[in-house]
Amino acid sequence: MKYVYPNCPFALGSSLFLVLMARLSPVQAQPTITAITPAANARSVARTAPVTATFSQPLTAASAAALKVYSGQRGGLRTRGTTPATVSGNALSFTPAPYAFQSGETVHYTITTAASSSSGALARPRVGQFTTAVSGTGNGNFQPGADPAVGTFAYDVAVGDVDGDGDLDLLAANNATAGTVSIRLNDGSGTFSGGQSVSVDNLPNKVLLADVDADGDLDLLTANDNSSVSIRLNDGSGTFSGSQNIRFNWRPLLAVGDVDADGDLDLVMAAANGGEVRVDLNNGSGGFSQYSQTFVSYTHMGMSLGDVDNDGDLDLLLTTEGALGTKVETLFNDGTGNFGNLQSVPVGAGGSPNSLAVGDVDGDGDLDVLTSNVNPTGVSVRLNNGRGVFSGTQEVAVGSNYAALTLGDVDADGDLDLLTTNGALNSVSTVSIRLNDGNGNFSGTLEAVAGLHSRRLALGDVDGDGDLDLLAANYNQNGTVSVRLNGPGALTSTFSPRATTPLLTVAPTVAGTQPLRYAYAGASLGPAATLSLHSADGKRVWLRTTGVSAAGELPATGLAPGWYWVRLQTPTGRFVARFYQP
């Protein structure tokens with residue numbers, strides 16, 4: 001058969017005709033991502049802000065399934081059920097509903113290759129994260145508080161809404177031979193109770209919350225000294241079940257993230273000794289199978305995942321020590337969960353980095369790395385050039401005998417501050433709080449009192465007032481978790497990040513036999529305001545529900561010695577002040 005191409009004076013054979021037509025016809029490229037909001041690694045995003053990816057072409061309706069948004073503190077996979085992502089022209093978007101993201105939490109998202117247009121699918125997926133804004137009156141001055149009992153030798157603590165009632169519960173990994181995770185439920189005010197215990201493998205040293213089966217609630221995972229990782233699935237009410245234990249090397253480090261960018265959360269494990277790093281991929285419903293394995297330096301104490309080279313996938317960072325020096329090693333992801341192309345940066349001055357955290361501490365849009373180092377005392381801060389190359393020499397002094405490092409905006413000024421636990425065996429621990437000037441420079445001498453031999457930390461808004469509170473796992477025979485609520489009291493730090501005038505004050509701050517008075521300088525109280533007194537263990541000892549005025553006297557006589565909190569609940573928020581009864 002012959003074909004005649006219009007305006008062509010000669011006939012073409014069929015094969016040659018088709019080849020020429022293919023070359024002459026315009027080919028529409030696959031869609032690409034042109035913008036994402038919030039920006040990658042943003043550190044003070046409004047809690048109600050939508051997550052939006054803009055594409056080079058209009059998307060198909062089915063592309064709504066391509067956006068996966070994960071909260072680590074409430075709701076797990078948010079883009080599911082009655083609150084999916086939506087498509088409008090070139091935009092793929094999710095608005096957090098029916099409730100906002102949590103204060104100061106890190107939100108993770110994946111845009112998978114299920115995003116498509118009429119010309120084809122997205123060629124390369126993208127993974128990213130951002131941190132939500134903190135509000136409230138807290139400025140990093142953590143109040144003395146309660147130490148609810150958990151299991152023996154509490155080593156780690158996590159916070160998240162495991163029972164679906166809207167507040168953050170606490171989970172403690174108890175590092176005993178018969179491994180357990182204690183679950184204590186929140187009443188909404190930061191008071192925890194209950195006695196639920198979940199069995200895991202022996203000697204858990206870390207507990208994580210993550211929605212690994214993508215059903216909209218938070219499951220628990222532990223790393224166990226007994227050479228394993230345990231996974232227990234949540235039924236949505238805070239009841240955990242299952243017996244999945246993944247065997248691995250001695251005392252594994254554990255991180256969770258979407259390393260292959262397919263929309264579910266995978267596991268990365270590293271051996272404390274031996275240099276082995278292993279990736280287990282998720283089948284989408286919380287079942288894991290080994291995918292890759294590599295070997296790096298011998299001794300690991302800290303590990304984290306983050307997109308440090310800004311190419312849209314999660315890279316792996318490990319602290320190492322030994323004959324080759326004390327450093328952070330970065331293994332870059334090829335986009336499928338294979339890690340390689342190792343780079344390293346020295347930290348400390350030769351001494352044992354036992355904890356690692358990543359976050360944008362200098363506000364330039366990329367993830368920096370910080371380590372807490374046992375010897376000599378200090379936190380190393382190394383800043384990212386945007387391509388995963390770290391440099392700098394800043395060493396931040398903190399307390400001695402520290403075991404853990406975490407980042408969070410504890411003074412609500414829009415940047416990430418650093419906190420470390422400090423405590424020797426059988427001694428009362430402190431938490432060092434070093435405030436960020438917004439550019440990654442840390443200073444101050446602010447300390448909070450925790451419990452006996454505090455190990456690891458968690459931050460979260462457990463009392464619902466918008467700021468970040470502090471929880472520390474206390475490693476002693478009668479294990480406890482110290483709960484320290486963030487207050488607006490005067491800073492004892494030598495560095496003050498912002499001028500804060502508390503709206504609620506109490507005078508005198510040491511009551512004694514003098515009349516004790518409060519004063520409120522905020523907006524109208526309204527008829528529904530309540531005023532209450534709480535002891536340091538969280539128990540309410542006095543309550544007034546009607547006739548609350550902007551100033552008045554408090555009942556201090558007859559109170560047992562100790563710290564007390566005054567709480568004023570108004571239509572615009574909760575305000576806290578404290579005093580001491582000698």
# chains A, B, ... in the order shown; residues from 1 in each chain; ligands from 1

call {"tool": "residues_around", "arguments": {"residues": "range 205-218 of chain A", "least_positions_apart": "6", "cutoff": "6 Å", "atoms": "only C-alpha atoms", "output": "list in words"}}
result
Gly72, Gly75, Gly76, Leu77, Tyr155, Asp156, Val162, Ala173, Asn175, Asn224, Gly236, Leu265, Ser285 and Gly286 of chain A

call {"tool": "write_last_selection", "arguments": {"atoms": "N, CA and C atoms", "output": "mmCIF file, in the first residue's frame"}}
result
data_model
loop_
_atom_site.group_PDB
_atom_site.id
_atom_site.type_symbol
_atom_site.label_atom_id
_atom_site.label_comp_id
_atom_site.auth_asym_id
_atom_site.auth_seq_id
_atom_site.Cartn_x
_atom_site.Cartn_y
_atom_site.Cartn_z
ATOM 1 N N GLY A 72 3.150 12.503 62.020
ATOM 2 C CA GLY A 72 3.702 11.576 62.990
ATOM 3 C C GLY A 72 3.106 11.703 64.368
ATOM 4 N N GLY A 75 -3.148 11.117 63.365
ATOM 5 C CA GLY A 75 -3.834 10.751 62.142
ATOM 6 C C GLY A 75 -3.035 9.970 61.131
ATOM 7 N N GLY A 76 -1.705 9.875 61.303
ATOM 8 C CA GLY A 76 -0.916 9.098 60.352
ATOM 9 C C GLY A 76 -1.103 9.595 58.934
ATOM 10 N N LEU A 77 -1.496 8.694 58.031
ATOM 11 C CA LEU A 77 -1.752 9.069 56.638
ATOM 12 C C LEU A 77 -3.011 9.936 56.580
ATOM 13 N N TYR A 155 13.566 4.015 78.641
ATOM 14 C CA TYR A 155 14.727 4.467 77.865
ATOM 15 C C TYR A 155 14.364 5.520 76.826
ATOM 16 N N ASP A 156 13.168 5.444 76.283
ATOM 17 C CA ASP A 156 12.768 6.363 75.220
ATOM 18 C C ASP A 156 11.290 6.679 75.384
ATOM 19 N N VAL A 162 -2.747 8.220 69.945
ATOM 20 C CA VAL A 162 -2.939 6.822 69.571
ATOM 21 C C VAL A 162 -4.383 6.363 69.736
ATOM 22 N N ALA A 173 9.346 3.259 75.954
ATOM 23 C CA ALA A 173 10.019 1.979 75.726
ATOM 24 C C ALA A 173 10.778 1.615 76.988
ATOM 25 N N ASN A 175 13.351 -0.675 78.846
ATOM 26 C CA ASN A 175 14.514 -1.447 78.433
ATOM 27 C C ASN A 175 14.799 -2.588 79.407
ATOM 28 N N ASN A 224 15.176 -2.956 69.404
ATOM 29 C CA ASN A 224 15.425 -3.743 70.605
ATOM 30 C C ASN A 224 16.886 -4.190 70.668
ATOM 31 N N GLY A 236 -6.808 1.837 65.948
ATOM 32 C CA GLY A 236 -7.429 3.155 65.904
ATOM 33 C C GLY A 236 -7.883 3.658 67.252
ATOM 34 N N LEU A 265 5.620 3.909 54.190
ATOM 35 C CA LEU A 265 6.760 4.156 55.067
ATOM 36 C C LEU A 265 7.598 2.901 55.229
ATOM 37 N N SER A 285 0.913 -2.247 53.467
ATOM 38 C CA SER A 285 0.001 -2.579 54.565
ATOM 39 C C SER A 285 0.747 -2.958 55.840
ATOM 40 N N GLY A 286 2.015 -2.568 55.931
ATOM 41 C CA GLY A 286 2.770 -2.824 57.150
ATOM 42 C C GLY A 286 3.538 -4.124 57.144
#

call {"tool": "closest_residue", "arguments": {"among": "A:Ala100, A:Ala357, A:Val410, A:Ala404", "to": "Ala473 in chain A", "atoms": "only C-alpha atoms"}}
result
A:Ala404

call {"tool": "closest_residue", "arguments": {"among": "A:Gly378, A:Pro527, A:Pro346, A:Gly487", "to": "Gly145 in chain A", "atoms": "only C-alpha atoms"}}
result
A:Gly487

call {"tool": "closest_residue", "arguments": {"among": "A:Arg126, A:Arg544, A:Lys327, A:Arg382", "to": "Val259 in chain A", "atoms": "only C-alpha atoms"}}
result
A:Arg126

call {"tool": "residues_around", "arguments": {"residues": "range 426-439 of chain A", "least_positions_apart": "2", "cutoff": "6 Å", "atoms": "only C-alpha atoms", "output": "count of residues only"}}
result
24

call {"tool": "residues_around", "arguments": {"residues": "Gly136 in chain A", "least_positions_apart": "2", "cutoff": "10 Å", "atoms": "only C-alpha atoms", "output": "NGL selection string"}}
result
:A and (103 or 134 or 138-139 or 411-412 or 461 or 464-468 or 486-488 or 573-575)

call {"tool": "closest_residue", "arguments": {"among": "A:Val462, A:Trp250, A:Asp163, A:Asp262", "to": "Asn202 in chain A", "atoms": "only C-alpha atoms"}}
result
A:Trp250

call {"tool": "select_by_dssp", "arguments": {"residues": "range 210-450 of chain A", "states": "strand (DSSP E or B)", "output": "NGL selection string"}}
result
:A and (210 or 219-224 or 228-234 or 240-247 or 252-257 or 266-271 or 273 or 276-282 or 288-295 or 299-306 or 315-321 or 327-333 or 339-346 or 353-359 or 368-373 or 378-384 or 390-396 or 402-408 or 417-422 or 428-436 or 442-450)

call {"tool": "closest_residue", "arguments": {"among": "A:Asn476, A:Thr132, A:Ser400, A:Ser532", "to": "Val576 in chain A", "atoms": "only C-alpha atoms"}}
result
A:Ser532

call {"tool": "residues_around", "arguments": {"residues": "Thr294 in chain A", "least_positions_apart": "5", "cutoff": "10 Å", "atoms": "only C-alpha atoms", "output": "short mmCIF file (atom, residue, chain, number, x, y, z; two decimals) with N, CA, C and O atoms, in the first residue's frame"}}
result
data_model
loop_
_atom_site.label_atom_id
_atom_site.label_comp_id
_atom_site.auth_asym_id
_atom_site.auth_seq_id
_atom_site.Cartn_x
_atom_site.Cartn_y
_atom_site.Cartn_z
N ALA A 270 20.35 0.20 61.21
CA ALA A 270 21.82 0.21 61.21
C ALA A 270 22.30 -0.47 62.48
O ALA A 270 21.74 -0.27 63.56
N GLY A 275 28.84 -2.21 61.24
CA GLY A 275 28.79 -1.44 60.01
C GLY A 275 27.66 -1.75 59.07
O GLY A 275 27.57 -1.17 57.99
N GLU A 276 26.75 -2.66 59.43
CA GLU A 276 25.68 -3.06 58.50
C GLU A 276 24.55 -2.05 58.51
O GLU A 276 24.09 -1.61 59.56
N VAL A 277 24.06 -1.69 57.32
CA VAL A 277 22.87 -0.87 57.13
C VAL A 277 21.92 -1.65 56.23
O VAL A 277 22.33 -2.14 55.17
N ARG A 278 20.66 -1.76 56.64
CA ARG A 278 19.70 -2.57 55.88
C ARG A 278 18.42 -1.77 55.66
O ARG A 278 17.96 -1.06 56.55
N VAL A 279 17.84 -1.91 54.47
CA VAL A 279 16.58 -1.28 54.11
C VAL A 279 15.54 -2.37 53.91
O VAL A 279 15.76 -3.31 53.13
N ASN A 338 18.30 2.65 47.54
CA ASN A 338 19.70 2.22 47.58
C ASN A 338 20.56 3.40 48.02
O ASN A 338 20.50 4.48 47.42
N PHE A 339 21.37 3.20 49.05
CA PHE A 339 22.19 4.26 49.61
C PHE A 339 23.66 4.04 49.29
O PHE A 339 24.18 2.93 49.44
N GLY A 340 24.35 5.10 48.86
CA GLY A 340 25.77 5.00 48.54
C GLY A 340 26.38 6.37 48.41
O GLY A 340 25.86 7.35 48.94
#

call {"tool": "closest_residue", "arguments": {"among": "A:Gln30, A:Ser304, A:Ser292, A:Gln581", "to": "Thr336 in chain A", "atoms": "only C-alpha atoms"}}
result
A:Ser292

call {"tool": "residues_around", "arguments": {"residues": "Val483 in chain A", "least_positions_apart": "2", "cutoff": "12 Å", "atoms": "only C-alpha atoms", "output": "MDAnalysis selection string"}}
result
chainID A and resid 142:149 157:159 169:170 184 186 189:192 431 448:451 454 457:463 468:474 480:481 485:486 536:538

call {"tool": "atom_distance", "arguments": {"atom1": "CA of Val198 in chain A", "atom2": "CA of Leu221 in chain A"}}
result
10.9 Å

call {"tool": "decode", "arguments": {"residues": "range 400-445 of chain A", "atoms": "N, CA and C atoms", "output": "CSV table (one decimal), in the first residue's frame"}}
result
chain,number,residue,atom,x,y,z
A,400,SER,N,26.6,17.9,81.4
A,400,SER,CA,27.4,16.7,81.2
A,400,SER,C,26.5,15.5,81.3
A,401,ASN,N,27.1,14.4,80.9
A,401,ASN,CA,26.5,13.0,80.9
A,401,ASN,C,25.2,13.0,80.1
A,402,TYR,N,25.2,13.7,78.9
A,402,TYR,CA,24.0,13.7,78.1
A,402,TYR,C,23.9,12.5,77.2
A,403,ALA,N,22.6,12.2,76.9
A,403,ALA,CA,22.3,11.0,76.2
A,403,ALA,C,21.5,11.2,75.0
A,404,ALA,N,20.8,12.4,74.8
A,404,ALA,CA,19.9,12.5,73.6
A,404,ALA,C,19.9,14.0,73.2
A,405,LEU,N,19.5,14.2,71.9
A,405,LEU,CA,19.4,15.5,71.3
A,405,LEU,C,18.2,15.6,70.5
A,406,THR,N,17.4,16.7,70.6
A,406,THR,CA,16.3,16.9,69.8
A,406,THR,C,16.1,18.3,69.4
A,407,LEU,N,15.4,18.6,68.4
A,407,LEU,CA,15.2,20.0,67.9
A,407,LEU,C,13.7,20.3,67.9
A,408,GLY,N,13.4,21.6,68.3
A,408,GLY,CA,12.0,22.0,68.3
A,408,GLY,C,12.0,23.5,68.6
A,409,ASP,N,10.9,24.2,68.2
A,409,ASP,CA,10.7,25.6,68.4
A,409,ASP,C,10.1,25.8,69.8
A,410,VAL,N,10.9,25.7,70.8
A,410,VAL,CA,10.3,25.8,72.2
A,410,VAL,C,10.0,27.2,72.6
A,411,ASP,N,10.5,28.2,72.0
A,411,ASP,CA,10.2,29.6,72.4
A,411,ASP,C,9.3,30.3,71.4
A,412,ALA,N,8.7,29.5,70.4
A,412,ALA,CA,7.7,30.0,69.5
A,412,ALA,C,8.1,31.3,68.7
A,413,ASP,N,9.4,31.3,68.3
A,413,ASP,CA,9.8,32.4,67.5
A,413,ASP,C,10.1,32.1,66.0
A,414,GLY,N,9.8,30.8,65.6
A,414,GLY,CA,9.8,30.4,64.2
A,414,GLY,C,11.1,29.7,63.8
A,415,ASP,N,12.0,29.4,64.8
A,415,ASP,CA,13.2,28.7,64.4
A,415,ASP,C,13.4,27.5,65.3
A,416,LEU,N,14.3,26.6,65.0
A,416,LEU,CA,14.5,25.4,65.8
A,416,LEU,C,15.6,25.5,66.8
A,417,ASP,N,15.2,25.3,68.1
A,417,ASP,CA,16.1,25.3,69.2
A,417,ASP,C,16.6,23.9,69.5
A,418,LEU,N,17.7,23.7,70.3
A,418,LEU,CA,18.2,22.4,70.6
A,418,LEU,C,18.0,22.1,72.1
A,419,LEU,N,17.8,20.8,72.4
A,419,LEU,CA,17.7,20.4,73.7
A,419,LEU,C,18.4,19.0,73.9
A,420,THR,N,19.1,18.9,75.0
A,420,THR,CA,19.8,17.6,75.3
A,420,THR,C,19.4,17.2,76.8
A,421,THR,N,19.4,15.9,77.0
A,421,THR,CA,19.3,15.4,78.4
A,421,THR,C,20.7,15.3,79.0
A,422,ASN,N,20.7,15.5,80.3
A,422,ASN,CA,22.0,15.4,81.0
A,422,ASN,C,21.7,14.7,82.3
A,423,GLY,N,22.3,13.6,82.5
A,423,GLY,CA,22.1,12.9,83.8
A,423,GLY,C,22.8,11.6,84.0
A,424,ALA,N,23.5,11.5,85.1
A,424,ALA,CA,24.3,10.3,85.4
A,424,ALA,C,23.3,9.3,86.1
A,425,LEU,N,23.8,8.1,86.2
A,425,LEU,CA,23.0,7.0,86.8
A,425,LEU,C,22.6,7.4,88.3
A,426,ASN,N,21.3,7.2,88.6
A,426,ASN,CA,20.8,7.5,89.9
A,426,ASN,C,20.9,8.9,90.4
A,427,SER,N,21.1,9.8,89.4
A,427,SER,CA,21.1,11.3,89.7
A,427,SER,C,20.0,12.0,89.0
A,428,VAL,N,19.5,13.1,89.7
A,428,VAL,CA,18.5,13.9,89.0
A,428,VAL,C,19.1,14.5,87.8
A,429,SER,N,18.4,14.4,86.7
A,429,SER,CA,18.8,14.9,85.4
A,429,SER,C,18.3,16.3,85.1
A,430,THR,N,19.0,17.0,84.3
A,430,THR,CA,18.5,18.3,83.7
A,430,THR,C,18.4,18.1,82.2
A,431,VAL,N,17.7,19.1,81.6
A,431,VAL,CA,17.6,19.2,80.2
A,431,VAL,C,18.2,20.5,79.8
A,432,SER,N,19.2,20.6,79.0
A,432,SER,CA,19.8,21.8,78.5
A,432,SER,C,19.0,22.3,77.3
A,433,ILE,N,18.6,23.6,77.4
A,433,ILE,CA,17.8,24.2,76.3
A,433,ILE,C,18.7,25.4,75.8
A,434,ARG,N,19.1,25.3,74.5
A,434,ARG,CA,19.9,26.3,73.9
A,434,ARG,C,19.1,26.9,72.7
A,435,LEU,N,18.9,28.2,72.8
A,435,LEU,CA,18.0,28.9,71.9
A,435,LEU,C,18.7,29.4,70.7
A,436,ASN,N,18.0,29.3,69.6
A,436,ASN,CA,18.5,29.7,68.2
A,436,ASN,C,18.2,31.1,68.0
A,437,ASP,N,19.2,31.9,67.4
A,437,ASP,CA,19.0,33.2,67.0
A,437,ASP,C,18.3,33.4,65.6
A,438,GLY,N,17.9,32.2,65.0
A,438,GLY,CA,17.3,32.2,63.7
A,438,GLY,C,18.3,31.9,62.6
A,439,ASN,N,19.6,32.1,62.9
A,439,ASN,CA,20.6,31.8,61.9
A,439,ASN,C,21.5,30.6,62.2
A,440,GLY,N,21.0,29.8,63.1
A,440,GLY,CA,21.8,28.6,63.5
A,440,GLY,C,22.8,28.8,64.5
A,441,ASN,N,22.8,29.9,65.2
A,441,ASN,CA,23.7,30.2,66.3
A,441,ASN,C,23.0,29.9,67.6
A,442,PHE,N,23.5,29.1,68.5
A,442,PHE,CA,22.8,28.7,69.7
A,442,PHE,C,23.5,29.2,70.9
A,443,SER,N,22.8,29.7,71.9
A,443,SER,CA,23.4,30.2,73.1
A,443,SER,C,22.4,30.2,74.3
A,444,GLY,N,22.9,30.5,75.4
A,444,GLY,CA,22.0,30.5,76.6
A,444,GLY,C,22.4,29.5,77.6
A,445,THR,N,21.8,29.6,78.8
A,445,THR,CA,22.1,28.7,79.9
A,445,THR,C,20.9,28.1,80.5
